[in-house]
>>> print(open('upload10.txt').read())   # compact mmCIF, C-alpha atoms
# COMPACT_ATOMS: atom_id res chain seq x y z
CA ASP O 1 131.27 102.20 120.18
CA LEU O 2 133.41 103.19 123.19
CA ARG O 3 130.52 103.95 125.54
CA ASP O 4 130.22 102.07 128.85
CA TYR O 5 126.87 100.33 129.27
CA ASP O 6 125.42 99.37 132.65
CA PRO O 7 126.63 95.77 133.26
CA THR O 8 123.77 95.14 135.69
CA THR O 9 121.26 95.09 132.81
CA PRO O 10 121.02 92.16 130.36
CA ASN O 11 121.93 94.32 127.35
CA GLY O 12 124.74 96.02 129.25
CA ALA O 13 126.23 92.67 130.28
CA ALA O 14 126.05 91.40 126.70
CA ALA O 15 127.63 94.62 125.42
CA ASP O 16 130.42 94.35 127.98
CA ALA O 17 131.11 90.76 126.85
CA ALA O 18 131.26 91.86 123.20
CA ARG O 19 133.97 94.48 123.77
CA GLY O 20 137.34 93.89 122.13
CA THR O 21 140.90 95.09 122.53
CA PHE O 22 143.58 96.34 120.15
CA LEU O 23 147.25 96.42 121.22
CA GLY O 24 146.15 96.12 124.80
CA MET O 25 143.73 99.05 124.55
CA ASP O 26 139.96 98.94 124.81
CA ALA O 27 138.49 98.92 121.28
CA GLY O 28 134.84 99.02 122.37
CA ILE O 29 132.01 97.36 120.45
CA GLU O 30 131.98 97.08 116.70
CA ARG O 31 128.71 98.78 115.67
CA GLU O 32 128.96 98.84 111.87
CA ARG O 33 131.02 97.24 109.14
CA ASN O 34 130.78 97.65 105.37
CA LEU O 35 132.83 95.76 102.83
CA ALA O 36 132.58 96.09 99.06
CA SER O 37 134.59 94.23 96.43
CA SER O 38 134.64 94.32 92.65
CA ILE O 39 136.70 92.74 89.88
CA THR O 40 136.43 93.57 86.17
CA TYR O 41 138.22 91.72 83.39
CA ALA O 42 137.84 93.09 79.86
CA PRO O 43 140.50 91.68 77.49
CA GLU O 44 141.14 93.20 74.08
CA ILE O 45 140.56 90.35 71.67
CA ALA O 46 139.72 92.36 68.56
CA GLY O 47 138.55 95.82 67.69
CA TRP O 48 135.04 94.54 66.95
CA LEU O 49 134.77 92.10 69.92
CA ARG O 50 134.84 93.34 73.51
CA PRO O 51 134.13 90.60 76.09
CA ARG O 52 133.94 91.39 79.80
CA VAL O 53 133.53 89.71 83.18
CA ASP O 54 132.29 91.65 86.21
CA PHE O 55 132.20 90.48 89.82
CA ALA O 56 130.83 92.68 92.59
CA SER O 57 129.77 92.10 96.18
CA SER O 58 128.55 94.29 99.01
CA PHE O 59 128.43 93.31 102.70
CA SER O 60 126.98 95.22 105.66
CA LEU O 61 126.92 94.48 109.40
CA SER O 62 125.28 96.40 112.22
CA ARG O 63 125.05 95.67 115.93
CA ASP O 64 122.69 97.56 118.28
CA PRO O 65 123.16 97.15 122.07
CA ASN O 66 119.54 98.30 122.57
CA ALA O 67 118.02 95.55 120.37
CA PRO O 68 116.59 92.32 121.83
CA LEU O 69 119.26 89.78 122.72
CA VAL O 70 119.70 86.35 121.13
CA PHE O 71 121.08 82.99 122.23
CA PRO O 72 124.36 81.71 120.75
CA GLY O 73 123.56 79.65 117.67
CA SER O 74 120.08 81.14 117.33
CA LEU O 75 118.77 83.67 114.85
CA SER O 76 115.71 84.80 116.81
CA PRO O 77 115.32 87.06 119.87
CA ALA O 78 115.73 85.17 123.12
CA THR O 79 112.73 84.78 125.39
CA SER O 80 114.28 82.79 128.24
CA PRO O 81 114.73 84.62 131.59
CA ASP O 82 118.33 83.38 131.71
CA THR O 83 120.46 86.36 130.69
CA THR O 84 123.93 84.89 131.15
CA GLN O 85 123.95 83.21 127.74
CA ARG O 86 122.47 86.03 125.70
CA GLU O 87 124.48 87.97 123.12
CA LEU O 88 123.98 91.11 121.08
CA ALA O 89 122.03 90.60 117.88
CA VAL O 90 123.89 91.18 114.63
CA ARG O 91 122.08 92.35 111.47
CA LEU O 92 123.76 91.06 108.30
CA GLY O 93 123.23 91.56 104.60
CA ASN O 94 125.12 90.68 101.45
CA THR O 95 124.68 90.80 97.68
CA ARG O 96 126.78 89.36 94.87
CA THR O 97 126.51 89.69 91.11
CA ILE O 98 128.51 88.04 88.34
CA THR O 99 128.08 89.35 84.79
CA LEU O 100 129.38 87.80 81.58
CA GLY O 101 128.95 89.94 78.53
CA THR O 102 130.34 90.94 75.20
CA GLY O 103 130.02 93.81 72.76
CA ILE O 104 130.05 93.13 69.02
CA ASP O 105 130.69 96.03 66.67
CA VAL O 106 129.11 94.79 63.45
CA ALA O 107 130.34 97.77 61.42
CA LYS O 108 133.99 97.14 62.32
CA ALA O 109 133.66 93.41 61.74
CA GLY O 110 132.14 93.94 58.29
CA ALA O 111 134.88 96.34 57.26
CA LYS O 112 137.63 94.04 58.56
CA TYR O 113 136.54 90.72 57.05
CA ALA O 114 134.57 91.79 53.96
CA GLY O 115 136.51 94.91 53.01
CA PRO O 116 135.63 98.58 53.56
CA SER O 117 134.11 98.97 50.08
CA SER O 118 132.08 95.75 50.03
CA LEU O 119 128.30 95.62 50.12
CA THR O 120 128.44 93.79 53.47
CA ALA O 121 130.50 96.56 55.02
CA ARG O 122 128.17 99.27 53.69
CA LEU O 123 125.10 97.49 55.09
CA ALA O 124 126.84 96.80 58.41
CA GLN O 125 127.32 100.56 58.92
CA TYR O 126 123.61 100.80 59.64
CA VAL O 127 123.69 98.19 62.43
CA GLN O 128 124.37 99.45 65.94
CA PRO O 129 126.80 97.54 68.18
CA ILE O 130 125.25 94.42 69.72
CA ASP O 131 125.55 93.96 73.48
CA ILE O 132 124.84 90.57 75.07
CA SER O 133 125.03 89.99 78.82
CA ALA O 134 124.13 87.31 81.35
CA THR O 135 123.96 88.18 85.04
CA ARG O 136 123.71 85.88 88.04
CA GLY O 137 122.97 87.44 91.42
CA ILE O 138 122.33 86.21 94.95
CA LEU O 139 121.50 88.04 98.17
CA SER O 140 120.48 87.36 101.76
CA ALA O 141 119.62 89.19 104.98
CA PHE O 142 119.77 88.08 108.62
CA ASP O 143 117.95 90.19 111.19
CA ALA O 144 119.33 88.65 114.39
CA ALA O 145 122.54 86.65 114.05
CA THR O 146 124.81 86.02 117.03
CA GLU O 147 128.24 86.48 115.47
CA SER O 148 130.04 87.86 112.47
CA PRO O 149 130.26 85.57 109.43
CA GLY O 150 133.46 84.37 107.82
CA LEU O 151 135.41 86.19 105.15
CA GLY O 152 133.86 84.06 102.41
CA TYR O 153 130.36 85.37 103.15
CA GLN O 154 131.62 88.93 103.45
CA LEU O 155 133.28 88.73 100.02
CA GLY O 156 130.27 87.00 98.46
CA ILE O 157 132.05 83.71 97.81
CA GLY O 158 129.89 80.60 97.74
CA SER O 159 126.54 79.34 96.51
CA ILE O 160 123.00 80.33 97.43
CA ASN O 161 122.96 77.57 100.07
CA GLY O 162 125.70 79.35 101.96
CA PHE O 163 123.73 82.59 101.76
CA ARG O 164 120.46 81.03 102.96
CA GLU O 165 121.96 79.47 106.11
CA LEU O 166 124.61 80.81 108.47
CA ASN O 167 125.88 79.12 111.65
CA GLY O 168 122.87 76.80 111.72
CA GLY O 169 120.27 79.54 111.35
CA LEU O 170 118.12 80.41 108.34
CA ALA O 171 118.14 83.80 106.67
CA ASN O 172 115.12 86.02 107.10
CA SER O 173 115.16 86.57 103.34
CA ALA O 174 117.30 85.34 100.47
CA GLY O 175 117.10 85.29 96.73
CA GLN O 176 118.82 84.41 93.48
CA SER O 177 118.24 85.75 89.99
CA SER O 178 119.35 84.99 86.44
CA GLN O 179 119.08 87.63 83.74
CA VAL O 180 119.85 87.58 80.03
CA ALA O 181 119.74 90.80 77.98
CA LEU O 182 120.31 91.62 74.32
CA THR O 183 120.51 95.16 72.93
CA SER O 184 121.00 96.37 69.37
CA GLY O 185 119.48 98.67 66.79
CA LEU O 186 119.68 100.38 63.43
CA ASN O 187 121.06 103.77 62.35
CA LEU O 188 118.98 104.73 59.33
CA PRO O 189 119.39 107.66 56.96
CA LEU O 190 117.92 111.08 57.83
CA ALA O 191 119.37 110.74 61.37
CA ILE O 192 116.75 108.19 62.45
CA SER O 193 117.79 105.48 64.89
CA PHE O 194 115.99 102.44 66.32
CA THR O 195 117.15 100.64 69.44
CA ASN O 196 115.55 97.50 70.86
CA ARG O 197 116.24 95.63 74.09
CA VAL O 198 115.16 92.10 75.04
CA GLN O 199 115.47 90.96 78.63
CA ARG O 200 114.48 87.80 80.52
CA THR O 201 114.80 87.53 84.30
CA ILE O 202 114.08 84.47 86.46
CA THR O 203 114.07 84.86 90.24
CA THR O 204 113.70 82.60 93.26
CA ASN O 205 113.14 84.14 96.69
CA TRP O 206 113.08 82.53 100.11
CA ALA O 207 111.34 84.06 103.12
CA ARG O 208 111.42 82.60 106.60
CA ARG O 209 107.99 81.83 108.01
CA LEU O 210 108.95 79.59 110.93
CA GLU O 211 112.14 79.08 112.89
CA SER O 212 113.25 76.19 110.67
CA ASP O 213 111.26 76.73 107.47
CA GLN O 214 111.56 78.99 104.43
CA THR O 215 108.89 79.52 101.80
CA THR O 216 109.84 79.83 98.14
CA ILE O 217 108.46 82.36 95.66
CA ASP O 218 109.32 81.94 91.97
CA GLY O 219 109.20 84.85 89.54
CA ASP O 220 109.59 85.31 85.80
CA GLN O 221 109.84 88.61 83.92
CA THR O 222 110.12 89.26 80.18
CA VAL O 223 110.74 92.66 78.61
CA PHE O 224 109.92 92.63 74.90
CA PRO O 225 109.72 94.79 73.01
CA ASP O 226 111.59 97.73 74.49
CA LEU O 227 111.80 99.83 71.33
CA ASN O 228 113.25 103.33 71.25
CA VAL O 229 112.98 105.60 68.22
CA ARG O 230 114.96 108.82 67.94
CA TRP O 231 115.12 111.45 65.24
CA SER O 232 117.67 114.24 65.56
CA PRO O 233 117.94 116.04 62.24
CA ARG O 234 121.18 117.85 61.56
CA GLY O 235 121.01 121.53 60.74
CA PRO O 236 117.99 123.84 60.41
CA LEU O 237 114.62 122.75 59.03
CA PHE O 238 112.00 124.44 56.89
CA GLY O 239 114.36 127.08 55.56
CA GLY O 240 115.70 128.05 58.99
CA VAL O 241 112.32 128.36 60.72
CA VAL O 242 113.40 125.53 63.07
CA LYS O 243 117.04 125.78 64.14
CA ALA O 244 117.20 122.45 66.00
CA ALA O 245 114.81 119.58 66.65
CA SER O 246 114.72 116.29 68.51
CA PHE O 247 112.01 113.61 68.70
CA ASN O 248 111.98 110.56 70.94
CA GLY O 249 109.53 107.71 71.30
CA ARG O 250 109.49 104.45 73.21
CA PHE O 251 107.25 101.40 73.40
CA LEU O 252 107.78 99.11 76.38
CA HIS O 253 105.98 95.84 77.09
CA THR O 254 106.70 93.94 80.32
CA ARG O 255 105.20 90.63 81.46
CA GLN O 256 105.78 89.35 84.97
CA SER O 257 104.49 86.28 86.81
CA LEU O 258 104.81 85.01 90.38
CA VAL O 259 104.06 81.66 91.99
CA VAL O 260 103.37 82.02 95.72
CA PRO O 261 103.11 78.83 97.82
CA PRO O 262 100.00 78.33 99.95
CA VAL O 263 99.93 79.18 103.64
CA VAL O 264 97.98 76.02 104.45
CA ILE O 265 99.56 72.73 103.45
CA GLY O 266 97.53 71.01 100.73
CA ASP O 267 96.15 74.17 99.11
CA GLU O 268 97.07 75.20 95.59
CA SER O 269 99.77 77.75 94.93
CA GLU O 270 98.73 81.28 94.04
CA ARG O 271 99.64 82.46 90.55
CA ARG O 272 99.86 86.16 89.89
CA ALA O 273 100.58 87.89 86.59
CA THR O 274 101.22 91.51 85.64
CA ARG O 275 101.34 93.04 82.17
CA VAL O 276 102.55 96.62 81.69
CA GLN O 277 102.63 98.68 78.49
CA SER O 278 103.95 102.22 78.26
CA LEU O 279 104.28 104.67 75.38
CA PRO O 280 106.19 107.90 76.13
CA LEU O 281 106.69 110.53 73.39
CA ASN O 282 108.84 113.65 73.59
CA ALA O 283 109.66 116.46 71.18
CA SER O 284 111.88 119.51 71.41
CA LEU O 285 112.08 122.40 68.91
CA THR O 286 114.22 125.53 68.84
CA TRP O 287 112.65 128.15 66.56
CA GLY O 288 114.58 130.70 64.59
CA PRO O 289 112.04 133.55 64.81
CA GLY O 290 111.97 134.89 68.33
CA ASP O 291 114.54 132.36 69.63
CA LEU O 292 111.72 130.29 71.11
CA THR O 293 112.40 126.93 72.73
CA THR O 294 109.46 124.55 72.95
CA THR O 295 109.20 121.07 74.45
CA ALA O 296 106.24 118.72 74.66
CA GLY O 297 105.72 115.25 76.02
CA TYR O 298 103.00 112.66 76.35
CA SER O 299 103.04 109.31 78.12
CA TYR O 300 100.38 106.63 78.39
CA ARG O 301 100.75 103.57 80.59
CA THR O 302 98.45 100.59 81.12
CA GLN O 303 98.77 97.84 83.71
CA VAL O 304 96.78 94.64 84.20
CA ASP O 305 97.22 92.66 87.42
CA SER O 306 95.75 89.17 87.51
CA LEU O 307 95.36 88.01 91.12
CA PRO O 308 93.59 84.94 92.50
CA GLY O 309 89.88 85.72 92.10
CA SER O 310 90.23 89.23 90.67
CA VAL O 311 91.70 91.32 87.87
CA THR O 312 92.84 94.94 88.25
CA ASN O 313 93.06 97.24 85.22
CA GLY O 314 94.71 100.62 85.44
CA ASN O 315 96.03 103.36 83.19
CA ALA O 316 97.91 106.59 83.65
CA ALA O 317 98.26 109.48 81.21
CA GLU O 318 100.68 112.38 81.52
CA ALA O 319 101.03 115.41 79.25
CA SER O 320 103.42 118.33 79.51
CA ALA O 321 104.48 121.35 77.46
CA GLU O 322 106.87 124.24 77.98
CA VAL O 323 107.75 127.41 76.08
CA GLY O 324 110.86 129.42 76.86
CA ARG O 325 112.27 132.68 75.59
CA ALA O 326 114.74 135.36 76.66
CA PHE O 327 113.62 139.04 76.39
CA ARG O 328 115.88 142.06 76.19
CA LEU O 329 115.58 144.63 78.96
CA PRO O 330 116.17 148.41 78.67
CA VAL O 331 119.84 149.30 78.89
CA ASP O 332 119.22 152.06 81.45
CA TRP O 333 117.96 149.46 83.94
CA GLY O 334 121.54 148.31 84.38
CA PHE O 335 120.80 144.56 84.43
CA LYS O 336 123.58 142.17 83.40
CA SER O 337 121.36 139.88 81.33
CA GLY O 338 118.01 139.67 79.67
CA LEU O 339 114.84 138.28 81.19
CA ARG O 340 114.69 134.50 80.85
CA THR O 341 111.12 133.22 80.94
CA ARG O 342 109.47 129.81 80.84
CA LEU O 343 105.77 128.95 80.70
CA GLY O 344 104.89 125.34 81.45
CA PHE O 345 101.87 123.09 81.70
CA GLN O 346 101.64 119.60 83.20
CA GLN O 347 98.72 117.23 83.67
CA THR O 348 98.53 113.69 85.06
CA HIS O 349 95.51 111.42 85.40
CA THR O 350 95.48 107.92 86.91
CA LYS O 351 92.58 105.43 86.96
CA SER O 352 92.24 101.83 88.07
CA TYR O 353 89.36 99.33 88.31
CA VAL O 354 88.96 95.87 89.81
CA GLU O 355 86.83 92.96 88.59
CA ASN O 356 86.19 89.53 90.11
CA LEU O 357 84.90 86.20 88.92
CA PHE O 358 81.54 86.57 90.66
CA ALA O 359 80.74 89.92 89.00
CA ALA O 360 82.29 89.62 85.57
CA LEU O 361 80.09 92.36 84.07
CA ASN O 362 80.63 94.84 86.89
CA ARG O 363 83.74 96.61 88.03
CA SER O 364 84.64 98.80 91.00
CA ARG O 365 86.70 101.95 90.74
CA LEU O 366 89.76 101.93 92.98
CA THR O 367 91.46 105.20 92.01
CA ASP O 368 90.63 108.19 89.84
CA ASN O 369 92.88 111.11 90.63
CA GLY O 370 95.21 113.55 88.95
CA ARG O 371 97.04 116.83 88.99
CA GLN O 372 97.17 119.94 86.81
CA ALA O 373 99.79 122.64 87.07
CA ILE O 374 100.50 125.86 85.17
CA THR O 375 103.80 127.53 86.02
CA LEU O 376 105.52 130.76 84.94
CA ASN O 377 109.18 131.39 85.76
CA ALA O 378 111.26 134.48 85.07
CA ASP O 379 114.80 135.31 86.19
CA THR O 380 117.53 137.82 85.37
CA ASP O 381 121.01 138.78 86.56
CA VAL O 382 120.60 142.13 88.29
CA ALA O 383 124.34 142.31 89.09
CA GLU O 384 127.51 140.28 88.72
CA ASN O 385 126.77 138.47 91.97
CA ALA O 386 122.97 138.75 92.23
CA THR O 387 120.13 136.94 90.46
CA PHE O 388 116.46 137.79 90.86
CA SER O 389 113.76 135.24 90.02
CA ILE O 390 110.01 135.11 90.37
CA GLN O 391 107.74 132.11 89.99
CA GLY O 392 104.01 131.77 89.85
CA ALA O 393 102.05 128.52 89.81
CA ARG O 394 98.46 127.37 89.89
CA ILE O 395 98.16 123.74 90.98
CA VAL O 396 94.98 121.66 91.07
CA ASN O 397 94.87 118.23 92.74
CA PHE O 398 91.69 116.24 92.32
CA ASP O 399 90.39 112.87 93.47
CA ARG O 400 87.14 111.88 91.82
CA ASN O 401 86.93 108.69 93.80
CA LEU O 402 86.68 110.68 97.05
CA ASN O 403 85.00 113.74 95.44
CA ARG O 404 87.83 116.02 96.52
CA ARG O 405 89.53 118.96 94.79
CA VAL O 406 92.29 121.22 96.12
CA THR O 407 93.51 124.34 94.30
CA GLN O 408 96.72 126.19 95.19
CA THR O 409 98.12 129.47 93.92
CA VAL O 410 101.80 130.03 94.73
CA VAL O 411 103.92 133.12 94.06
CA THR O 412 107.62 133.06 94.97
CA ALA O 413 110.25 135.81 94.61
CA VAL O 414 113.92 135.12 95.34
CA LEU O 415 116.99 137.38 95.33
CA GLN O 416 120.18 135.31 95.37
CA MET O 417 123.52 137.00 96.14
CA GLN O 418 126.98 135.45 96.09
CA PHE O 419 130.10 136.80 97.76
CA PHE O 420 133.74 135.82 97.46
CA ALA O 421 135.89 136.48 100.51
CA GLY O 422 139.20 135.52 98.97
CA ASP O 423 141.44 132.45 99.14
CA LEU O 424 141.74 130.62 102.45
CA ARG O 425 145.18 130.83 104.03
>>> encode(input="upload10.txt", output="structure tokens")
Amino acid sequence: DLRDYDPTTPNGAAADAARGTFLGMDAGIERERNLASSITYAPEIAGWLRPRVDFASSFSLSRDPNAPLVFPGSLSPATSPDTTQRELAVRLGNTRTITLGTGIDVAKAGAKYAGPSSLTARLAQYVQPIDISATRGILSAFDAATESPGLGYQLGIGSINGFRELNGGLANSAGQSSQVALTSGLNLPLAISFTNRVQRTITTNWARRLESDQTTIDGDQTVFPDLNVRWSPRGPLFGGVVKAASFNGRFLHTRQSLVVPPVVIGDESERRATRVQSLPLNASLTWGPGDLTTTAGYSYRTQVDSLPGSVTNGNAAEASAEVGRAFRLPVDWGFKSGLRTRLGFQQTHTKSYVENLFAALNRSRLTDNGRQAITLNADTDVAENATFSIQGARIVNFDRNLNRRVTQTVVTAVLQMQFFAGDLR
């Protein structure tokens, strides 16, 4: 920032004191700095074993001459009328992750050690590669520091203690996490595959409440099962009636818990728990007769939040379908392509209820809303450099909790033209 600020004002005087020089020339005020580093080491030990080590860090710094000033050695805005000792506040942030992982190709290992024609090798062909990883991450953020940190903090070198405290001041927020993940699956006959993922994450977060105190929040998250099923048959089905098909399904179960310390000393800590289950299904078919393309999807999600004194239950359902086909147009119209059309339908519905310990048999509705949409799209190439498209939609948004319903009808026509003026010289 090379601007000259009024030195008669407190912020202007602090900005003038923060200016630097380079080779005898005025370099102004450093407003922003970003530094990212990454190191990856993946040695080749064997064809079936692929270990790896990843290190990555990201640092950001910003300084605003218009923000409240701070005292040297303090991490909070200054309130003293003395302006001679104030400095510009510096906002800092940094993250660092270290990942240790390995990939194990069971099929290659079975063929190498048991022989390509052995029973072990034939069974190992059905096992997908196994991926194991462990990740350790730390982060911190300072809203009002007085000076830039050292190179170690900028490169993410050090422990969480060095991230939580800088130049005698506590971070506004900091955290560390440990995550372990395991992924593998099976490739079965008839082009059916199963993939499952198991993940465990433990977090600890610190938030500054007072000038010299940080509160700690512990979290624990488990993802199991995370099962994906896919069927992609090769070639046509039903005697060529279906040219191509694809089916996907997933079942995800997540459990998360938090322990929040009390605000008043002596009270018990708050324990919160969340359980989420989701089941999305998708199918896609390309039909031989009429060259129709159809897709359909359905997703159902439930969530239970257990808070101190109450329990919230919610669910969300989403359904969608689309049919597409290209129609031939008369030759005398002179169009460069046929008419590509798509007819789609989408519907979402979300509900949630809350219960408490004093009214166990009664519940209150928090949300009950949704959306329905029917869309029709058609487009064609009217010339080499022109495309005409038209879209019509009827959209209904409803909120039964507030007894509200809004219906929209939208029609859009677009003519897109492209021109090429030649190479730039």
>>> residues_near_point(input="upload10.txt", point="(96.1, 90.8, 89.0)", cutoff="9 Å", atoms="only C-alpha atoms", output="PyMOL selection string")
chain O and resi 272-275+304-313+354
>>> closest_atom_pairs(input="upload10.txt", of="range 122-222 of chain O", to="range 229-250 of chain O", cutoff="7 Å", atoms="all atoms listed in the file", output="CSV")
residue,atom,partner,partner_atom,distance
O:Leu190,CA,O:Pro233,CA,6.6
O:Ala191,CA,O:Pro233,CA,5.6
O:Ile192,CA,O:Trp231,CA,4.6
O:Ser193,CA,O:Arg230,CA,5.3
O:Phe194,CA,O:Val229,CA,4.8
O:Thr195,CA,O:Val229,CA,6.6
>>> closest_residue(input="upload10.txt", among="O:Val276, O:Ile374, O:Leu151, O:Ala326", to="Gly290 in chain O", atoms="only C-alpha atoms")
O:Ala326
>>> closest_residue(input="upload10.txt", among="O:Asn282, O:Asn369, O:Thr295, O:Asn66", to="Asp399 in chain O", atoms="only C-alpha atoms")
O:Asn369
>>> atom_distance(input="upload10.txt", atom1="CA of Ala17 in chain O", atom2="CA of Ala36 in chain O")
28.3 Å
>>> residues_around(input="upload10.txt", residues="range 336-342 of chain O", least_positions_apart="4", cutoff="6 Å", atoms="only C-alpha atoms", output="list of chain:residue names")
O:Val323, O:Gly324, O:Arg325, O:Ala326, O:Phe327, O:Arg328, O:Leu329, O:Leu376, O:Asn377, O:Ala378, O:Asp379, O:Thr380, O:Asp381, O:Val382, O:Ala383
>>> residues_around(input="upload10.txt", residues="range 106-115 of chain O", least_positions_apart="6", cutoff="6 Å", atoms="all atoms listed in the file", output="PyMOL selection string")
chain O and resi 48+121+124-125+129
>>> atom_distance(input="upload10.txt", atom1="CA of Gly219 in chain O", atom2="CA of Gln256 in chain O")
7.3 Å
>>> closest_residue(input="upload10.txt", among="O:His253, O:Arg365, O:Arg164, O:Arg31", to="Asn228 in chain O", atoms="all atoms listed in the file")
O:His253
>>> atom_distance(input="upload10.txt", atom1="CA of Leu252 in chain O", atom2="CA of Val223 in chain O")
7.4 Å
>>> closest_residue(input="upload10.txt", among="O:Val70, O:Ala393, O:Leu279, O:Ala174", to="Gln372 in chain O", atoms="all atoms listed in the file")
O:Ala393
>>> residues_around(input="upload10.txt", residues="Arg63 in chain O", least_positions_apart="5", cutoff="7 Å", atoms="all atoms listed in the file", output="JSON, numbers by chain")
{"O": [31, 32, 88, 89, 90, 91]}
>>> residues_near_point(input="upload10.txt", point="(133.9, 88.7, 112.8)", cutoff="10 Å", atoms="only C-alpha atoms", output="PyMOL selection string")
chain O and resi 30+33+61+147-151+154
>>> decode(input="upload10.txt", residues="range 30-43 of chain O", atoms="N, CA, C and O atoms", output="PDB file, in the first residue's frame")
ATOM      1  N   GLU O  30       2.877  -3.163   3.994  1.00  0.00           N
ATOM      2  CA  GLU O  30       2.486  -4.492   3.532  1.00  0.00           C
ATOM      3  C   GLU O  30       1.045  -4.761   3.956  1.00  0.00           C
ATOM      4  O   GLU O  30       0.742  -4.834   5.144  1.00  0.00           O
ATOM      5  N   ARG O  31       0.137  -4.910   2.985  1.00  0.00           N
ATOM      6  CA  ARG O  31      -1.273  -5.116   3.281  1.00  0.00           C
ATOM      7  C   ARG O  31      -1.639  -6.591   3.350  1.00  0.00           C
ATOM      8  O   ARG O  31      -2.442  -7.001   4.185  1.00  0.00           O
ATOM      9  N   GLU O  32      -1.092  -7.403   2.459  1.00  0.00           N
ATOM     10  CA  GLU O  32      -1.453  -8.819   2.408  1.00  0.00           C
ATOM     11  C   GLU O  32      -0.222  -9.666   2.118  1.00  0.00           C
ATOM     12  O   GLU O  32       0.698  -9.224   1.423  1.00  0.00           O
ATOM     13  N   ARG O  33      -0.248 -10.872   2.672  1.00  0.00           N
ATOM     14  CA  ARG O  33       0.814 -11.841   2.396  1.00  0.00           C
ATOM     15  C   ARG O  33       0.205 -13.238   2.458  1.00  0.00           C
ATOM     16  O   ARG O  33      -0.535 -13.564   3.385  1.00  0.00           O
ATOM     17  N   ASN O  34       0.515 -14.052   1.478  1.00  0.00           N
ATOM     18  CA  ASN O  34       0.053 -15.438   1.434  1.00  0.00           C
ATOM     19  C   ASN O  34       1.234 -16.337   1.122  1.00  0.00           C
ATOM     20  O   ASN O  34       2.037 -16.033   0.219  1.00  0.00           O
ATOM     21  N   LEU O  35       1.348 -17.406   1.887  1.00  0.00           N
ATOM     22  CA  LEU O  35       2.452 -18.327   1.721  1.00  0.00           C
ATOM     23  C   LEU O  35       1.924 -19.750   1.848  1.00  0.00           C
ATOM     24  O   LEU O  35       1.299 -20.093   2.849  1.00  0.00           O
ATOM     25  N   ALA O  36       2.156 -20.553   0.836  1.00  0.00           N
ATOM     26  CA  ALA O  36       1.714 -21.946   0.833  1.00  0.00           C
ATOM     27  C   ALA O  36       2.910 -22.847   0.571  1.00  0.00           C
ATOM     28  O   ALA O  36       3.778 -22.517  -0.246  1.00  0.00           O
ATOM     29  N   SER O  37       2.966 -23.969   1.264  1.00  0.00           N
ATOM     30  CA  SER O  37       4.058 -24.918   1.087  1.00  0.00           C
ATOM     31  C   SER O  37       3.494 -26.328   1.083  1.00  0.00           C
ATOM     32  O   SER O  37       2.482 -26.608   1.732  1.00  0.00           O
ATOM     33  N   SER O  38       4.140 -27.205   0.344  1.00  0.00           N
ATOM     34  CA  SER O  38       3.695 -28.601   0.281  1.00  0.00           C
ATOM     35  C   SER O  38       4.870 -29.485  -0.101  1.00  0.00           C
ATOM     36  O   SER O  38       5.724 -29.098  -0.907  1.00  0.00           O
ATOM     37  N   ILE O  39       4.918 -30.643   0.517  1.00  0.00           N
ATOM     38  CA  ILE O  39       5.940 -31.649   0.239  1.00  0.00           C
ATOM     39  C   ILE O  39       5.250 -33.005   0.155  1.00  0.00           C
ATOM     40  O   ILE O  39       4.445 -33.352   1.022  1.00  0.00           O
ATOM     41  N   THR O  40       5.538 -33.761  -0.883  1.00  0.00           N
ATOM     42  CA  THR O  40       4.977 -35.102  -1.061  1.00  0.00           C
ATOM     43  C   THR O  40       6.108 -36.083  -1.316  1.00  0.00           C
ATOM     44  O   THR O  40       6.973 -35.832  -2.168  1.00  0.00           O
ATOM     45  N   TYR O  41       6.102 -37.163  -0.578  1.00  0.00           N
ATOM     46  CA  TYR O  41       7.100 -38.218  -0.748  1.00  0.00           C
ATOM     47  C   TYR O  41       6.362 -39.536  -0.937  1.00  0.00           C
ATOM     48  O   TYR O  41       5.634 -39.994  -0.049  1.00  0.00           O
ATOM     49  N   ALA O  42       6.520 -40.129  -2.109  1.00  0.00           N
ATOM     50  CA  ALA O  42       5.831 -41.374  -2.445  1.00  0.00           C
ATOM     51  C   ALA O  42       6.830 -42.339  -3.075  1.00  0.00           C
ATOM     52  O   ALA O  42       6.957 -42.404  -4.307  1.00  0.00           O
ATOM     53  N   PRO O  43       7.584 -43.081  -2.271  1.00  0.00           N
ATOM     54  CA  PRO O  43       8.585 -44.002  -2.822  1.00  0.00           C
ATOM     55  C   PRO O  43       7.928 -45.219  -3.468  1.00  0.00           C
ATOM     56  O   PRO O  43       6.819 -45.626  -3.103  1.00  0.00           O
TER      57      PRO O  43
END
